[in-house]
Amino acid sequence: MVQRPAEMPAAETRESRIPPELSGQRLDTALAQLFPEYSRSRLSQWIKDGRVLLDDAKARPRDAVMGGQRVSLTPTVEPLTGMEAEDLPLDIVHEDPALIVVNKPAGLVVHPGAGNRAGTLQNALLHHAPELAALPRAGLVHRIDKDTSGLLVVARTLESHTRLIAALQAREFERGYLAVAHGVMTGGGTVDAPIKRHATDRVRMSVSEGGRASVTHYRVLKRFRHHTYISAELETGRTHQIRVHLAHIRYPLVGDSVYGRRRGPTRGASPQLQQALQDFRRQALHAERLGLEHPVSGEAMRWQVPPPADFQALLAALEDDLVHGT
């Protein structure tokens, strides 16, 4: 059954006083220090919208403040529009008043886009927790590709969303992946190569000068006869980062139709492995581990989920080929 998100309650007004040490600073700068759980850009917009009062009067972001002035802030975020809540299954591995951690299956789109207006993780989240309609992107802090399985975190309050986004940008998240790549690696390493949108194919990303700094660390878990099972750690989080970086060093992921070369049968592989590779129709990538500092308690938290059945079946076929192959 399709439902619309419930209406959100009005935000509570928060009050504070400008301390003497902030005297002379811009209002938006002072607010960023008084209310660090909100981003400066969001605070500036609230000032412009009249949701911040300085001694009961509206002010501008650039106005200077004086010690002792009273500040009233009424936070708000425009609710999502045109988004339907859908009763879809969710694999929730952790939930509390501040955040939700979800184990996303392969094949599920994270948020609506062209050609995917319904049936996404975001639609499911709005049904599970209607209050997410009042948050940017329904509380989604980061995303993983449609055909990648594994963990991601969703904020349940605006304060948690701001703090988690800040932690993500400060590279304070632990994000560990499992992957199977074509080719036999000699060892682990680090790929430090900038990534940006491909110059001619807008669906793809590419390693290119002028791109955003991107760093992936990887290590070998097991070598097979024609493939390598690896773990990868993201230091940055660019679109398709692991897929782009591994293809760049000529170890593209099994099943990656975007960044992997068209591959015929793997020479010398057993018929069983050939069939397993043919049947694996997504990139062999799983977000296995997620670690972060809880946005409210400050507690260090960490979750780990095993790869799904299709990934484990691929590993079993690789193992059988290693043991019985010639």
# chains A, B, ... in the order shown; residues from 1 in each chain; ligands from 1
$ select_by_dssp --residues "range 53-190 of chain A" --states "alpha helix (DSSP H)" --output "PyMOL selection string"
chain A and resi 121-128+158-169
$ residues_around --residues "range 224-238 of chain A" --least-positions-apart "5" --cutoff "8 Å" --atoms "only C-alpha atoms" --output "PyMOL selection string"
chain A and resi 171+174-185+195+212-219+266+269+318-319+321-322
$ residues_around --residues "Asp63 in chain A" --least-positions-apart "4" --cutoff "9 Å" --atoms "only C-alpha atoms" --output "PyMOL selection string"
chain A and resi 24-28+59
$ write_last_selection --atoms "N, CA and C atoms" --output "mmCIF file, in the first residue's frame"
data_model
loop_
_atom_site.group_PDB
_atom_site.id
_atom_site.type_symbol
_atom_site.label_atom_id
_atom_site.label_comp_id
_atom_site.auth_asym_id
_atom_site.auth_seq_id
_atom_site.Cartn_x
_atom_site.Cartn_y
_atom_site.Cartn_z
ATOM 1 N N GLY A 24 31.071 41.612 17.799
ATOM 2 C CA GLY A 24 31.672 42.145 16.582
ATOM 3 C C GLY A 24 31.667 41.178 15.413
ATOM 4 N N GLN A 25 31.363 39.897 15.666
ATOM 5 C CA GLN A 25 31.321 38.932 14.572
ATOM 6 C C GLN A 25 30.011 39.035 13.797
ATOM 7 N N ARG A 26 30.026 38.532 12.551
ATOM 8 C CA ARG A 26 28.798 38.450 11.763
ATOM 9 C C ARG A 26 27.805 37.531 12.465
ATOM 10 N N LEU A 27 26.526 37.800 12.261
ATOM 11 C CA LEU A 27 25.492 36.988 12.888
ATOM 12 C C LEU A 27 25.604 35.526 12.461
ATOM 13 N N ASP A 28 25.809 35.253 11.152
ATOM 14 C CA ASP A 28 25.861 33.855 10.716
ATOM 15 C C ASP A 28 27.075 33.134 11.292
ATOM 16 N N ALA A 59 17.216 40.182 11.381
ATOM 17 C CA ALA A 59 18.561 40.688 11.083
ATOM 18 C C ALA A 59 19.047 40.058 9.792
#
$ residues_around --residues "Leu314 in chain A" --least-positions-apart "4" --cutoff "8 Å" --atoms "only C-alpha atoms" --output "NGL selection string"
:A and (276-277 or 280 or 310 or 318)
$ write_last_selection --atoms "C-alpha atoms" --output "mmCIF file, in the first residue's frame"
data_model
loop_
_atom_site.group_PDB
_atom_site.id
_atom_site.type_symbol
_atom_site.label_atom_id
_atom_site.label_comp_id
_atom_site.auth_asym_id
_atom_site.auth_seq_id
_atom_site.Cartn_x
_atom_site.Cartn_y
_atom_site.Cartn_z
ATOM 1 C CA ALA A 276 29.021 -18.470 -12.270
ATOM 2 C CA LEU A 277 30.717 -15.483 -13.886
ATOM 3 C CA PHE A 280 26.756 -12.731 -11.845
ATOM 4 C CA ASP A 310 24.924 -14.281 -4.869
ATOM 5 C CA LEU A 318 36.119 -19.323 -7.404
#
$ closest_atom_pairs --of "range 11-58 of chain A" --to "range 150-165 of chain A" --cutoff "12 Å" --atoms "only C-alpha atoms" --output "Markdown table"
| residue | atom | partner | partner_atom | distance |
| --- | --- | --- | --- | --- |
| A:Ala11 | CA | A:Leu158 | CA | 10.5 |
| A:Ala32 | CA | A:Thr162 | CA | 11.8 |
| A:Phe35 | CA | A:Glu159 | CA | 9.5 |
| A:Pro36 | CA | A:Arg163 | CA | 8.4 |
| A:Glu37 | CA | A:Glu159 | CA | 5.1 |
| A:Tyr38 | CA | A:Thr162 | CA | 5.6 |
| A:Ser39 | CA | A:Thr162 | CA | 6.4 |
| A:Arg40 | CA | A:Thr162 | CA | 10.2 |
| A:Ser41 | CA | A:Thr162 | CA | 11.0 |
| A:Arg42 | CA | A:Thr162 | CA | 9.6 |
| A:Leu43 | CA | A:Thr162 | CA | 11.4 |
$ write_last_selection --atoms "C-alpha atoms" --output "mmCIF file, in the first residue's frame"
data_model
loop_
_atom_site.group_PDB
_atom_site.id
_atom_site.type_symbol
_atom_site.label_atom_id
_atom_site.label_comp_id
_atom_site.auth_asym_id
_atom_site.auth_seq_id
_atom_site.Cartn_x
_atom_site.Cartn_y
_atom_site.Cartn_z
ATOM 1 C CA ALA A 11 9.953 22.985 15.054
ATOM 2 C CA ALA A 32 27.593 28.651 13.661
ATOM 3 C CA PHE A 35 24.505 26.066 17.186
ATOM 4 C CA PRO A 36 27.275 23.821 15.732
ATOM 5 C CA GLU A 37 24.773 21.046 14.982
ATOM 6 C CA TYR A 38 23.566 23.083 11.969
ATOM 7 C CA SER A 39 25.615 24.025 8.923
ATOM 8 C CA ARG A 40 26.510 27.678 8.334
ATOM 9 C CA SER A 41 24.730 27.691 4.966
ATOM 10 C CA ARG A 42 21.528 26.432 6.592
ATOM 11 C CA LEU A 43 21.781 29.021 9.367
#
$ select_by_dssp --residues "range 157-240 of chain A" --states "strand (DSSP E)" --output "count of residues only"
36
$ closest_residue --among "A:Ala193, A:Leu53, A:Ile47, A:Ala118" --to "Ile242 in chain A" --atoms "only C-alpha atoms"
A:Ala193
$ atom_distance --atom1 "CA of Val220 in chain A" --atom2 "CA of Gly187 in chain A"
6.0 Å
$ closest_atom_pairs --of "range 191-303 of chain A" --to "range 83-96 of chain A" --cutoff "12 Å" --atoms "only C-alpha atoms" --output "JSON lines"
{"residue": "A:Arg289", "atom": "CA", "partner": "A:Val93", "partner_atom": "CA", "distance": 11.7}
{"residue": "A:Leu290", "atom": "CA", "partner": "A:Val93", "partner_atom": "CA", "distance": 11.2}
{"residue": "A:His294", "atom": "CA", "partner": "A:Asp96", "partner_atom": "CA", "distance": 10.3}
{"residue": "A:Pro295", "atom": "CA", "partner": "A:Asp96", "partner_atom": "CA", "distance": 11.2}
{"residue": "A:Val296", "atom": "CA", "partner": "A:Asp96", "partner_atom": "CA", "distance": 10.6}
{"residue": "A:Ser297", "atom": "CA", "partner": "A:Asp96", "partner_atom": "CA", "distance": 11.3}
{"residue": "A:Met301", "atom": "CA", "partner": "A:His94", "partner_atom": "CA", "distance": 10.2}
{"residue": "A:Arg302", "atom": "CA", "partner": "A:His94", "partner_atom": "CA", "distance": 10.1}
{"residue": "A:Trp303", "atom": "CA", "partner": "A:Val93", "partner_atom": "CA", "distance": 7.9}
$ atom_distance --atom1 "CA of Ile249 in chain A" --atom2 "CA of Ala284 in chain A"
16.6 Å
